[in-house]
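J.: my_file_18.txt is reproduced in full below (compact mmCIF, C-alpha atoms).
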```txt
# COMPACT_ATOMS: atom_id res chain seq x y z
CA MET G 1 -3.25 -7.48 8.80
CA ILE G 2 -1.37 -7.85 5.54
CA LEU G 3 2.38 -7.45 5.73
CA THR G 4 3.98 -6.37 2.49
CA SER G 5 7.69 -6.28 1.98
CA CYS G 6 9.77 -4.96 -0.86
CA LEU G 7 13.47 -5.59 -1.20
CA SER G 8 15.51 -3.01 -3.02
CA THR G 9 19.12 -2.96 -4.08
CA GLY G 10 18.96 0.50 -5.61
CA GLU G 11 18.28 3.95 -4.26
CA LYS G 12 14.93 4.38 -5.99
CA ASN G 13 12.46 1.71 -6.99
CA GLY G 14 9.01 3.23 -6.82
CA ALA G 15 8.10 1.21 -3.74
CA LEU G 16 6.89 4.37 -2.07
CA SER G 17 5.43 6.05 -5.15
CA TYR G 18 1.86 6.40 -3.92
CA GLY G 19 -0.38 9.45 -3.90
CA THR G 20 0.06 11.91 -1.07
CA ASP G 21 -2.87 10.50 0.91
CA SER G 22 -2.11 6.82 0.20
CA LEU G 23 0.41 6.18 2.96
CA LYS G 24 0.36 6.91 6.64
CA CYS G 25 3.72 6.81 8.34
CA TRP G 26 4.09 5.48 11.84
CA GLU G 27 4.47 8.35 14.29
CA GLU G 28 4.25 8.25 18.04
CA GLY G 29 0.99 9.80 19.14
CA ASN G 30 -0.51 9.74 15.64
CA LYS G 31 -2.80 6.75 15.94
CA LEU G 32 -4.84 5.15 13.19
CA ILE G 33 -8.35 6.48 12.71
CA TRP G 34 -11.16 4.85 10.77
CA THR G 35 -10.82 7.26 7.84
CA ASP G 36 -7.30 5.86 7.29
CA PHE G 37 -8.98 2.68 6.00
CA LYS G 38 -9.83 3.76 2.44
CA GLY G 39 -9.81 0.38 0.65
CA THR G 40 -12.69 -1.94 -0.08
CA LYS G 41 -12.91 -5.54 1.06
CA PRO G 42 -12.06 -7.95 -1.75
CA ASN G 43 -14.57 -10.67 -2.61
CA SER G 44 -12.84 -13.64 -1.01
CA GLN G 45 -14.36 -16.44 1.03
CA GLU G 46 -11.18 -16.88 3.09
CA LEU G 47 -11.49 -13.28 4.33
CA SER G 48 -15.18 -13.58 5.26
CA PRO G 49 -14.85 -13.57 9.09
CA LEU G 50 -12.47 -10.61 9.13
CA LYS G 51 -13.81 -7.19 10.06
CA ALA G 52 -10.73 -5.16 9.06
CA ILE G 53 -7.37 -5.47 7.34
CA SER G 54 -4.36 -3.23 7.86
CA ALA G 55 -1.85 -3.27 5.02
CA ILE G 56 1.53 -2.53 6.56
CA LYS G 57 4.59 -2.09 4.37
CA ILE G 58 8.15 -2.58 5.57
CA ILE G 59 10.46 -1.45 2.81
CA PRO G 60 14.27 -1.57 3.00
CA LEU G 61 15.83 0.85 0.52
CA ALA G 62 19.52 0.38 -0.24
CA VAL G 63 21.49 3.63 -0.36
CA ARG G 64 25.13 4.62 -0.28
CA LYS G 65 26.28 7.03 2.41
CA ASN G 66 29.91 8.12 2.24
CA GLY G 67 30.51 5.27 -0.21
CA LYS G 68 29.22 2.66 2.24
CA LEU G 69 26.12 0.52 1.67
CA HIS G 70 23.35 1.38 4.09
CA TYR G 71 19.64 0.62 4.33
CA ASP G 72 16.88 3.08 5.07
CA ILE G 73 13.96 1.09 6.45
CA LYS G 74 10.56 2.61 5.74
CA LEU G 75 7.31 1.68 7.45
CA SER G 76 3.90 2.76 6.27
CA PHE G 77 0.23 1.95 6.49
CA ALA G 78 -1.25 1.62 2.99
CA ARG G 79 -4.60 3.35 3.25
CA TYR G 80 -6.09 2.11 -0.04
CA GLU G 81 -5.10 -1.51 0.68
CA SER G 82 -6.62 -1.37 4.19
CA TRP G 83 -10.34 -1.86 4.70
CA ILE G 84 -13.06 -2.26 7.29
CA ILE G 85 -16.57 -3.66 7.37
CA GLU G 86 -17.29 -3.06 11.03
CA LYS G 87 -16.14 -0.32 13.39
CA SER G 88 -15.48 -0.58 17.11
CA GLU G 89 -13.01 1.02 19.47
CA GLN G 90 -11.57 -2.40 20.33
CA LEU G 91 -11.05 -3.32 16.67
CA LEU G 92 -9.29 -0.02 15.98
CA LYS G 93 -6.99 -0.63 18.98
CA HIS G 94 -6.24 -4.08 17.60
CA GLU G 95 -5.36 -2.73 14.14
CA GLN G 96 -3.25 0.06 15.72
CA LEU G 97 -1.21 -2.56 17.56
CA HIS G 98 -0.56 -4.32 14.25
CA PHE G 99 0.92 -1.02 13.06
CA ASP G 100 2.90 -0.72 16.31
CA ILE G 101 4.21 -4.27 15.83
CA GLY G 102 5.36 -3.17 12.37
CA GLU G 103 7.24 -0.28 13.98
CA LEU G 104 8.77 -2.64 16.54
CA SER G 105 9.94 -4.93 13.75
CA VAL G 106 11.44 -1.99 11.88
CA ARG G 107 13.30 -0.83 14.98
CA LYS G 108 14.70 -4.32 15.56
CA LEU G 109 15.78 -4.51 11.92
CA ARG G 110 17.42 -1.07 12.04
CA LYS G 111 19.33 -2.14 15.14
CA LYS G 112 20.50 -5.36 13.48
CA LEU G 113 21.60 -3.56 10.31
CA PHE G 114 23.42 -0.97 12.40
CA GLU G 115 25.26 -3.78 14.20
CA ILE G 116 26.22 -5.38 10.88
CA SER G 117 27.59 -2.09 9.55
CA GLU G 118 29.58 -1.61 12.77
CA VAL G 119 31.25 -5.02 12.42
CA LYS G 120 31.79 -5.07 8.64
CA LEU G 121 34.20 -2.54 7.20
CA ASN G 122 32.41 -2.38 3.84
CA PRO G 123 29.20 -4.43 4.06
CA THR G 124 27.56 -5.77 0.92
CA TYR G 125 23.97 -6.56 0.05
CA GLN G 126 24.72 -10.20 0.93
CA ASP G 127 25.76 -9.16 4.44
CA PHE G 128 22.42 -7.44 5.07
CA PHE G 129 20.03 -9.74 3.20
CA PRO G 130 19.83 -12.57 5.81
CA ALA G 131 18.90 -10.05 8.53
CA ILE G 132 16.24 -8.47 6.32
CA GLU G 133 14.79 -11.84 5.35
CA ALA G 134 14.78 -13.00 9.00
CA ALA G 135 13.02 -9.78 10.03
CA TYR G 136 10.17 -10.40 7.57
CA HIS G 137 9.78 -13.95 8.84
CA GLU G 138 9.84 -12.87 12.50
CA THR G 139 7.39 -10.04 11.82
CA ALA G 140 4.90 -12.35 10.10
CA GLN G 141 5.13 -14.81 12.99
CA MET G 142 4.59 -12.04 15.53
CA HIS G 143 1.48 -10.74 13.74
CA GLU G 144 0.10 -14.26 13.48
CA ALA G 145 0.76 -14.97 17.18
CA TYR G 146 -0.86 -11.65 18.10
CA ASP G 147 -4.02 -12.45 16.12
CA ASN G 148 -4.18 -16.02 17.42
CA GLU G 149 -3.55 -15.20 21.08
CA THR G 150 -5.98 -12.28 21.16
CA SER G 151 -8.53 -13.95 18.88
CA HIS G 152 -8.17 -10.91 16.59
CA GLY G 153 -8.54 -8.54 19.53
CA LEU G 154 -11.59 -10.16 21.11
CA ILE G 155 -9.79 -11.36 24.25
CA ILE G 156 -9.30 -7.97 25.85
CA GLU G 157 -7.04 -9.07 28.70
CA ILE G 158 -4.54 -10.66 26.30
CA GLN G 159 -4.89 -7.69 23.93
CA ASN G 160 -3.87 -5.42 26.84
CA GLU G 161 -0.90 -7.68 27.64
CA TRP G 162 0.28 -7.46 24.03
CA GLU G 163 -0.07 -3.66 24.09
CA ALA G 164 2.03 -3.41 27.25
CA ARG G 165 4.70 -5.76 25.88
CA VAL G 166 4.95 -4.02 22.49
CA ASN G 167 5.05 -0.55 24.11
CA GLN G 168 7.82 -1.67 26.47
CA GLU G 169 9.87 -3.01 23.56
CA LEU G 170 9.23 0.13 21.50
CA ASN G 171 10.54 2.22 24.39
CA SER G 172 13.66 0.06 24.73
CA LEU G 173 14.45 0.61 21.02
CA ARG G 174 13.52 4.31 20.92
CA GLN G 175 16.86 5.28 19.32
CA PHE G 176 15.86 3.30 16.20
CA SER G 177 12.38 4.84 15.85
CA SER G 178 10.86 5.92 12.56
CA SER G 179 11.17 9.49 11.47
CA MET G 180 8.61 11.41 9.49
CA LEU G 181 11.49 12.76 7.39
CA GLY G 182 11.83 10.69 4.27
CA CYS G 183 8.86 8.46 5.04
CA LYS G 184 6.96 9.31 1.90
```
Please lay out the structure from this file as structure tokens.
T.:
Amino acid sequence: MILTSCLSTGEKNGALSYGTDSLKCWEEGNKLIWTDFKGTKPNSQELSPLKAISAIKIIPLAVRKNGKLHYDIKLSFARYESWIIEKSEQLLKHEQLHFDIGELSVRKLRKKLFEISEVKLNPTYQDFFPAIEAAYHETAQMHEAYDNETSHGLIIEIQNEWEARVNQELNSLRQFSSSMLGCK
């Protein structure tokens, strides 16, 4: 899993300017399939034991709504930055949960930014930035813990525990879920 983040202080920055088949947005029930992995493995010794990489992008885009600063948080799977060298049902489930963890992180961030905008009369970029930065750090730690605890999906019992935990948290934050509108 590669987590990419882009911070934006303007409405448009090209962070989502990919071709129409380059990004897959997170959508409940629309799971990853092997043909979503369109990239090729880079020649790197440090990546040698890995069988797949999911490039997940969490992109906060600053916008003004009714004169008030607001962030639209986008989540996508970058197809041409994601690659595989071996296919198995278990590996695909593991990579899907990385994508689900990305969605969970986005929901938590949306909730936090909503709370900030409820407390601050006219929030600024500086009011939101610490929450965004903390979310990236927490997300990276969660992905690392997931890979370590499941041995990259090989320990099926722990993989199943992670799936149950992430799904429960996703359900508890359903009101902050991603929308297909405006994803691309």
J.: Using all atoms listed in the file, can you tell me which of G:Ala145, G:Leu113, G:Ile58, G:Leu69 comes closest to Phe176 of chain G?
T.: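 So, comparing all the options, the nearest one is G:Leu113.
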J.: Ranking G:His98, G:Arg110, G:Lys24, G:Lys68 by minimum distance to Leu173 of chain G and counting only C-alpha atoms, which one comes first?
T.: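 Using only C-alpha atoms, the shortest distance to Leu173 of chain G belongs to G:Arg110.
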J.: May I have the protein, DNA and RNA residues with any atom at most 10 Å from the point (5.0, 1.8, 8.3), counting all atoms listed in the file, written as a list in words?
T.: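 Taken together, the residues in range are Leu3, Leu23, Lys24, Cys25, Trp26, Glu27, Ala55, Ile56, Lys57, Ile58, Ile59, Ile73, Lys74, Leu75, Ser76, Phe77, Ala78, Phe99, Asp100, Ile101, Gly102, Glu103, Ser105, Val106, Ser178 and Cys183 of chain G.
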J.: At what distance in Å, to one decimal, does atom CA of Ile53 of chain G lie from atom CA of Lys41 of chain G?
T.: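 Atom CA of Lys41 of chain G sits 8.4 Å away from atom CA of Ile53 of chain G.
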J.: For atom CA of Gln159 of chain G and atom CA of Asn43 of chain G, quote the distance in Å rounded to one decimal.
T.: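 The value is 28.4 Å.
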J.: Neighbouring residues of segment 87-92 of chain G were defined as those with any atom within 9 Å, considering only C-alpha atoms; residues of the same chain fewer than 2 positions away were excluded. Please report them as a list of chain:residue names.
T.: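 In the requested form, the answer reads G:Leu32, G:Ile33, G:Trp34, G:Lys51, G:Ala52, G:Ile84, G:Ile85, G:His94, G:Glu95, G:Gln96, G:Leu97, G:His152, G:Gly153, G:Leu154, G:Ile156.
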J.: Restricted to C-alpha atoms, what would the selected residues look like written as a compact mmCIF listing (two decimals), in the coordinates of the input?
T.:
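Below is the file selection.txt, written as the result:
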```txt
# COMPACT_ATOMS: atom_id res chain seq x y z
CA LEU G 32 -4.84 5.15 13.19
CA ILE G 33 -8.35 6.48 12.71
CA TRP G 34 -11.16 4.85 10.77
CA LYS G 51 -13.81 -7.19 10.06
CA ALA G 52 -10.73 -5.16 9.06
CA ILE G 84 -13.06 -2.26 7.29
CA ILE G 85 -16.57 -3.66 7.37
CA HIS G 94 -6.24 -4.08 17.60
CA GLU G 95 -5.36 -2.73 14.14
CA GLN G 96 -3.25 0.06 15.72
CA LEU G 97 -1.21 -2.56 17.56
CA HIS G 152 -8.17 -10.91 16.59
CA GLY G 153 -8.54 -8.54 19.53
CA LEU G 154 -11.59 -10.16 21.11
CA ILE G 156 -9.30 -7.97 25.85
```
J.: With all atoms listed in the file as the basis for distance, which of G:Tyr71, G:Phe128, G:Tyr80, G:Trp162 is at the shortest distance from Tyr146 of chain G?
T.: G:Trp162
J.: Grab the atom CA of Leu121 of chain G to atom CA of Arg64 of chain G distance for me, in Å with one decimal place.
T.: 13.8 Å
J.: Here is a test: counting all atoms listed in the file, which residue of G:Gly67, G:Arg79, G:Ser22, G:Ala134 is nearest to Gly39 of chain G?
T.: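 For Gly39 of chain G, the nearest of the given residues is G:Arg79.
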J.: May I ask which of the residues G:Met142, G:Glu149, G:Leu104, G:Phe37 is the closest one to Glu86 of chain G, counting all atoms listed in the file?
T.: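 For Glu86 of chain G, the nearest of the candidates is G:Phe37.
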J.: Just checking: using only C-alpha atoms, which residue out of G:Asn160, G:Asp127, G:Glu115, G:Lys108 ends up closest to Ser172 of chain G?
T.: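 That would be G:Lys108, the residue with the smallest distance to Ser172 of chain G.
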